[in-house]
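Coordinates as given in start27.txt (compact mmCIF, C-alpha atoms and all ligand atoms):
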# COMPACT_ATOMS: atom_id res chain seq x y z
CA MET A 1 0.00 0.00 0.00
CA VAL A 2 1.38 3.44 -0.80
CA ARG A 3 2.25 5.59 2.18
CA GLY A 4 -0.58 8.11 1.60
CA ASN A 5 -3.25 5.40 1.63
CA LEU A 6 -1.75 3.74 4.67
CA LEU A 7 -1.79 7.03 6.57
CA ALA A 8 -5.41 7.63 5.55
CA THR A 9 -6.45 4.24 6.91
CA ILE A 10 -4.80 4.72 10.31
CA MET A 11 -5.96 8.31 10.74
CA LYS A 12 -9.02 8.74 12.92
CA THR A 13 -11.99 10.55 11.44
CA ILE A 14 -13.17 13.69 13.18
CA VAL A 15 -16.59 14.93 12.12
CA VAL A 16 -17.18 18.61 12.84
CA LEU A 17 -20.71 20.05 12.90
CA THR A 18 -20.62 23.82 12.61
CA GLY A 19 -23.24 26.52 12.92
CA ALA A 20 -23.38 30.29 12.76
CA GLY A 21 -21.38 30.68 16.00
CA ILE A 22 -18.11 29.65 14.34
CA SER A 23 -18.36 32.61 11.97
CA ALA A 24 -19.60 35.12 14.56
CA GLU A 25 -16.12 36.38 15.40
CA SER A 26 -15.47 36.95 11.69
CA GLY A 27 -18.32 39.47 11.83
CA ILE A 28 -21.21 37.43 10.45
CA SER A 29 -24.42 37.59 12.48
CA THR A 30 -25.87 34.44 13.99
CA PHE A 31 -29.63 33.85 13.71
CA ARG A 32 -31.05 33.53 17.20
CA ASP A 33 -28.68 35.50 19.48
CA ASN A 34 -29.53 39.10 20.43
CA ASN A 35 -28.94 41.04 17.16
CA GLY A 36 -29.29 37.72 15.30
CA LEU A 37 -30.73 37.83 11.77
CA TRP A 38 -34.04 36.29 12.79
CA ARG A 39 -34.48 39.08 15.35
CA GLN A 40 -34.20 41.63 12.54
CA TYR A 41 -36.11 39.83 9.79
CA ARG A 42 -39.04 37.42 9.68
CA PHE A 43 -37.64 34.34 7.97
CA GLU A 44 -41.01 33.71 6.29
CA GLU A 45 -40.53 37.02 4.44
CA VAL A 46 -36.98 36.47 3.16
CA ALA A 47 -36.11 32.77 3.36
CA SER A 48 -39.03 30.72 2.14
CA PRO A 49 -40.39 29.54 -1.24
CA GLU A 50 -43.56 31.57 -0.54
CA ALA A 51 -41.50 34.75 -0.11
CA TRP A 52 -39.68 34.03 -3.37
CA ALA A 53 -43.00 33.58 -5.18
CA ARG A 54 -44.49 36.72 -3.64
CA GLU A 55 -41.58 39.17 -3.54
CA PRO A 56 -38.46 37.86 -5.28
CA GLU A 57 -36.74 41.29 -5.16
CA LEU A 58 -36.92 41.34 -1.39
CA VAL A 59 -35.45 37.84 -1.16
CA MET A 60 -32.69 38.69 -3.67
CA ASP A 61 -31.84 41.86 -1.73
CA PHE A 62 -31.63 39.98 1.54
CA TYR A 63 -29.12 37.48 0.13
CA ASN A 64 -27.27 40.14 -1.89
CA MET A 65 -26.65 42.08 1.31
CA ARG A 66 -25.44 38.98 3.09
CA ARG A 67 -23.16 38.08 0.17
CA LYS A 68 -21.73 41.60 0.14
CA GLN A 69 -20.98 41.29 3.84
CA LEU A 70 -19.41 37.84 3.34
CA LEU A 71 -16.99 39.23 0.74
CA ALA A 72 -15.80 41.77 3.31
CA VAL A 73 -14.95 39.30 6.11
CA LYS A 74 -12.25 36.69 6.67
CA PRO A 75 -12.01 33.27 8.30
CA ASN A 76 -11.04 33.37 11.96
CA ALA A 77 -8.80 31.37 14.30
CA ALA A 78 -11.45 28.67 14.74
CA HIS A 79 -11.73 28.04 10.99
CA PHE A 80 -7.93 27.93 10.64
CA ALA A 81 -7.59 25.56 13.60
CA LEU A 82 -9.87 23.04 11.86
CA GLU A 83 -7.63 23.17 8.80
CA GLU A 84 -4.64 22.51 11.09
CA LEU A 85 -6.41 19.44 12.48
CA GLU A 86 -6.04 17.79 9.05
CA LYS A 87 -2.33 17.26 9.81
CA LYS A 88 -3.19 14.28 12.00
CA PHE A 89 -6.85 13.44 11.35
CA ARG A 90 -9.28 12.96 8.55
CA VAL A 91 -11.52 15.97 9.20
CA ARG A 92 -15.00 16.01 7.69
CA ILE A 93 -16.91 19.25 8.18
CA ILE A 94 -20.69 19.31 8.02
CA THR A 95 -21.82 22.91 8.18
CA GLN A 96 -25.19 24.59 8.45
CA ASN A 97 -23.48 27.79 7.37
CA VAL A 98 -23.91 29.20 3.90
CA ASP A 99 -20.68 31.21 4.09
CA ASP A 100 -17.45 29.95 2.51
CA LEU A 101 -15.13 30.57 5.45
CA HIS A 102 -14.26 26.88 5.88
CA GLU A 103 -13.25 26.76 2.21
CA ARG A 104 -11.23 29.97 2.48
CA SER A 105 -9.36 28.74 5.55
CA GLY A 106 -8.23 25.66 3.62
CA SER A 107 -10.37 22.81 4.98
CA SER A 108 -10.69 20.14 2.32
CA ASP A 109 -13.80 18.12 3.13
CA ILE A 110 -16.89 20.29 3.61
CA LEU A 111 -20.56 19.42 3.23
CA HIS A 112 -23.03 22.32 3.22
CA LEU A 113 -26.44 21.38 4.57
CA HIS A 114 -28.24 24.66 3.95
CA GLY A 115 -26.68 25.73 0.66
CA GLU A 116 -24.00 28.21 -0.32
CA LEU A 117 -24.33 31.97 -0.44
CA ARG A 118 -21.82 32.42 -3.25
CA LYS A 119 -23.71 30.11 -5.58
CA ALA A 120 -26.90 30.45 -7.61
CA ARG A 121 -29.08 27.76 -9.05
CA SER A 122 -31.63 27.44 -11.78
CA THR A 123 -35.30 27.62 -10.85
CA ALA A 124 -35.95 25.14 -13.68
CA ASP A 125 -33.27 22.54 -12.90
CA LYS A 126 -31.89 22.15 -9.37
CA ASP A 127 -28.73 20.52 -10.72
CA LEU A 128 -27.68 23.64 -12.58
CA VAL A 129 -25.59 25.45 -9.98
CA TYR A 130 -23.29 28.39 -10.74
CA ASP A 131 -20.67 30.40 -8.85
CA ILE A 132 -21.58 34.04 -8.30
CA SER A 133 -18.47 36.12 -8.94
CA GLY A 134 -19.41 39.33 -7.13
CA TRP A 135 -22.05 40.10 -4.53
CA GLU A 136 -25.09 40.64 -6.72
CA LEU A 137 -27.61 38.23 -8.19
CA LYS A 138 -30.38 39.96 -10.12
CA LEU A 139 -33.81 39.27 -11.48
CA GLY A 140 -33.07 38.67 -15.16
CA ASP A 141 -29.98 36.53 -14.46
CA PHE A 142 -30.76 33.29 -16.23
CA CYS A 143 -29.42 29.74 -16.33
CA GLU A 144 -28.34 28.13 -19.60
CA LYS A 145 -31.91 26.90 -20.10
CA GLY A 146 -33.23 30.47 -19.90
CA SER A 147 -34.78 30.27 -16.42
CA GLN A 148 -34.32 32.70 -13.55
CA LEU A 149 -31.50 31.98 -11.11
CA ARG A 150 -32.25 31.92 -7.38
CA PRO A 151 -29.96 31.88 -4.34
CA HIS A 152 -28.52 28.38 -3.77
CA ILE A 153 -29.98 28.25 -0.26
CA VAL A 154 -32.22 25.71 1.44
CA TRP A 155 -35.20 27.78 2.51
CA PHE A 156 -37.63 27.03 5.30
CA GLY A 157 -40.07 24.38 4.16
CA GLU A 158 -37.64 22.92 1.61
CA THR A 159 -35.99 19.54 2.01
CA VAL A 160 -32.32 19.32 2.94
CA PRO A 161 -30.81 17.32 0.06
CA ASN A 162 -27.56 16.45 1.85
CA ILE A 163 -29.03 15.23 5.12
CA MET A 164 -28.67 11.49 4.51
CA VAL A 165 -25.14 11.96 3.19
CA ALA A 166 -24.41 13.85 6.43
CA ALA A 167 -25.98 11.09 8.55
CA GLY A 168 -23.71 8.54 6.83
CA ILE A 169 -20.66 10.68 7.63
CA VAL A 170 -21.67 11.11 11.30
CA ARG A 171 -22.19 7.34 11.66
CA LYS A 172 -18.53 6.73 10.80
CA ALA A 173 -17.05 9.32 13.16
CA ASP A 174 -14.37 8.39 15.68
CA ILE A 175 -14.65 11.81 17.32
CA ILE A 176 -17.29 14.55 16.97
CA ILE A 177 -16.88 18.29 17.49
CA ILE A 178 -19.91 20.58 17.51
CA ILE A 179 -19.27 24.31 17.25
CA GLY A 180 -21.57 27.32 17.56
CA THR A 181 -25.01 25.98 16.83
CA SER A 182 -28.20 26.28 18.85
CA LEU A 183 -29.20 22.82 17.52
CA LYS A 184 -32.73 24.16 17.05
CA VAL A 185 -33.20 23.56 13.33
CA TYR A 186 -34.10 20.08 12.08
CA PRO A 187 -33.10 17.87 10.41
CA ALA A 188 -29.54 19.18 11.05
CA ALA A 189 -30.10 19.17 14.82
CA GLY A 190 -30.98 15.47 14.69
CA LEU A 191 -27.65 14.42 13.20
CA LEU A 192 -26.14 13.61 16.59
CA GLN A 193 -28.51 10.67 16.93
CA TYR A 194 -26.43 8.92 14.25
CA ALA A 195 -23.18 9.36 16.19
CA PRO A 196 -21.58 6.21 17.59
CA SER A 197 -22.25 6.33 21.34
CA SER A 198 -18.64 5.39 22.06
CA ALA A 199 -17.24 8.37 20.11
CA PRO A 200 -15.98 11.24 22.27
CA LYS A 201 -17.98 14.39 21.56
CA TYR A 202 -17.01 17.99 22.25
CA LEU A 203 -19.38 20.96 22.12
CA ILE A 204 -17.96 24.48 21.96
CA ASP A 205 -20.55 27.22 22.43
CA PRO A 206 -20.61 30.04 25.01
CA GLU A 207 -24.34 29.48 25.59
CA ALA A 208 -24.32 25.68 25.62
CA THR A 209 -26.68 24.19 28.16
CA PRO A 210 -26.00 20.87 29.88
CA GLU A 211 -29.37 19.46 28.80
CA TYR A 212 -28.13 17.54 25.74
CA GLN A 213 -28.94 13.85 26.05
CA VAL A 214 -25.81 12.69 24.30
CA ARG A 215 -23.34 10.10 25.58
CA ASN A 216 -19.66 10.98 26.00
CA LEU A 217 -20.24 14.70 25.59
CA GLN A 218 -17.88 17.30 27.00
CA ILE A 219 -19.03 20.91 26.89
CA PHE A 220 -16.75 23.94 26.61
CA ARG A 221 -18.63 27.18 27.24
CA GLU A 222 -16.24 29.28 25.19
CA LYS A 223 -16.24 31.33 22.05
CA ALA A 224 -15.04 29.49 18.99
CA CYS A 225 -11.81 31.48 18.58
CA ILE A 226 -10.73 30.45 22.08
CA GLY A 227 -12.25 26.97 22.41
CA VAL A 228 -11.53 25.52 18.98
CA PRO A 229 -7.75 26.21 18.79
CA LYS A 230 -7.41 24.92 22.37
CA LEU A 231 -9.23 21.65 21.61
CA VAL A 232 -7.40 21.22 18.31
CA LYS A 233 -4.05 21.60 20.08
CA GLU A 234 -5.03 18.89 22.59
CA LEU A 235 -6.24 16.53 19.87
CA LEU A 236 -3.06 17.00 17.83
CA ILE A 237 -0.92 16.25 20.90
CA SER A 238 -2.99 13.16 21.69
CA ALA A 239 -2.59 11.93 18.10
CA VAL A 240 1.19 12.24 18.32
CA GLN A 241 1.21 10.36 21.64
CA THR A 242 -1.00 7.59 20.23
CA HIS A 243 1.36 7.10 17.28
CA GLN A 244 4.42 6.98 19.52
CA SER A 245 3.07 4.47 22.02
CA PRO A 246 4.27 0.90 21.42
P1 LIG B 1 -28.18 30.04 15.76
O1 LIG B 1 -28.20 31.52 15.61
O2 LIG B 1 -29.46 29.36 16.02
O3 LIG B 1 -27.19 29.63 16.93
C1 LIG B 1 -25.91 30.21 17.00
C2 LIG B 1 -25.16 29.55 18.14
O4 LIG B 1 -23.84 30.09 18.12
C3 LIG B 1 -25.74 29.83 19.52
O5 LIG B 1 -25.85 28.61 20.25
C4 LIG B 1 -24.73 30.79 20.15
O6 LIG B 1 -24.60 30.61 21.56
C5 LIG B 1 -23.46 30.37 19.44
N1 LIG B 1 -22.42 31.41 19.39
C6 LIG B 1 -22.56 32.75 19.34
N2 LIG B 1 -21.36 33.36 19.28
C7 LIG B 1 -20.43 32.35 19.29
C8 LIG B 1 -19.00 32.33 19.24
N3 LIG B 1 -18.28 33.43 19.17
N4 LIG B 1 -18.40 31.12 19.26
C9 LIG B 1 -19.12 29.96 19.34
N5 LIG B 1 -20.46 29.95 19.39
C10 LIG B 1 -21.11 31.12 19.37
O7 LIG B 1 -27.44 29.47 14.46
P2 LIG B 1 -27.45 27.99 13.88
O8 LIG B 1 -27.60 26.99 14.95
O9 LIG B 1 -26.30 27.87 12.96
O10 LIG B 1 -30.75 28.04 8.38
O11 LIG B 1 -28.78 28.03 13.02
C11 LIG B 1 -29.16 26.93 12.28
C12 LIG B 1 -29.90 27.37 11.05
O12 LIG B 1 -30.97 28.25 11.42
C13 LIG B 1 -29.10 28.17 10.07
O13 LIG B 1 -28.29 27.37 9.22
C14 LIG B 1 -30.12 28.93 9.31
C15 LIG B 1 -31.04 29.33 10.45
O14 LIG B 1 -32.35 29.50 10.12
C16 LIG B 1 -31.25 28.52 7.23
O15 LIG B 1 -31.19 29.69 6.91
C17 LIG B 1 -31.85 27.48 6.36
For this file, produce the structure as structure tokens.
Amino acid sequence: MVRGNLLATIMKTIVVLTGAGISAESGISTFRDNNGLWRQYRFEEVASPEAWAREPELVMDFYNMRRKQLLAVKPNAAHFALEELEKKFRVRIITQNVDDLHERSGSSDILHLHGELRKARSTADKDLVYDISGWELKLGDFCEKGSQLRPHIVWFGETVPNIMVAAGIVRKADIIIIIGTSLKVYPAAGLLQYAPSSAPKYLIDPEATPEYQVRNLQIFREKACIGVPKLVKELLISAVQTHQSP
């Protein structure tokens, strides 16, 4: 077996579930905290198929503003720490976030559950997905089949196409890290039920409550930029020790 394959087979798999909290310190609003997006907007009016049918300009504007903001921010220490973790682990990120900060910090295995802000897709064919180069998507921007493009976002009331792929990834985790999510939105919030009960689980969130009914869970009530690099450092040290032991 070539060395790369051998290393891949002995590396443990860490599955990381991220939510809006990991990007908060980059300057992107969460949804349900004070000042969160859903305290400023009614999601039914900007993030639902009904809103798109009723007032597409409003929906476009909402996502154009968010895309403009995304282009002005950078990944933070928590995103970069997850990239660092790939030195010793297979790291599979499942994110509810629609930003691209995991991509920009160099992580290599990322599954977006709720879509991607910097992409558009055809309203006629869900498989026609395009990168958006700047911040603006407009009414009158068409796919190659001549249909209007919409934000590539999973809106309320729509199914989450990647959820079973995500469940399969969680099932195979050796270790799970959950960062900055209120775990209030299903089906994403239900993913932990697929986690092997023996797998160590770490939750990093300043507002985490001890009520989670999950086995082997350790909670760190810290912001992502503090808690994630700290945990990553510990995991990297433990991986080195495991490899050195006879
Ligand atoms: P929420 O806004 O519901 O939760 C954000 C979580 O991040 C909270 O638990 C905060 O305590 C935590 N948090 C805040 N600042 C943090 C920091 N600096 N470091 C770490 N954690 C911090 O966001 P999500 O759980 O991601 O879906 O929301 C899930 C989904 O609901 C979103 O993907 C979005 C939304 O509606 C869609 O738009 C489809």
Around ligand LIG 1 (chain B), which protein and nucleic acid residues have at least one atom no more than 9 Å from it, if we count all atoms listed in the file? List them as a PyMOL selection string. chain A and resi 18-26+29-33+36-38+43+47-48+78+95-98+113-115+153-156+158+160+179-186+188-189+204-208+221-228
Show which residues sit within 12 Å of Ala167 of chain A, as a ChimeraX atom specification. Count all atoms listed in the file, and ignore same-chain residues fewer than 5 positions away. /A:15,17,94,111,113,160-162,172-173,187-196
Taking all atoms listed in the file into account, which of A:Pro56, A:Ile14, A:Glu144, A:Leu85 comes nearest Leu236 of chain A?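 Using all atoms listed in the file, the shortest distance to Leu236 of chain A belongs to A:Leu85.
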Rank nothing, just name the residue among A:Pro229, A:Gly168, A:Gly157, A:Gly27 nearest to Glu84 of chain A, using only C-alpha atoms.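 The closest residue to Glu84 of chain A is A:Pro229.
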Mind checking which residues fall within 12 Å of Leu82 of chain A, counting only C-alpha atoms, ignoring those fewer than 5 positions away in the same chain, and posting them as a PyMOL selection string? chain A and resi 14-18+22+75-77+87-93+101-110+177-179+224-225+227-233+235-236
Can you work out the spacing between atom CA of Asp174 of chain A and atom CA of Ile219 of chain A in Å, to one decimal? 17.4 Å
Which residue of A:Trp135, A:Phe80, A:Tyr41, A:Trp52 approaches Asn64 of chain A most closely, using all atoms listed in the file: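 Under the stated criterion, the closest residue is A:Trp135.
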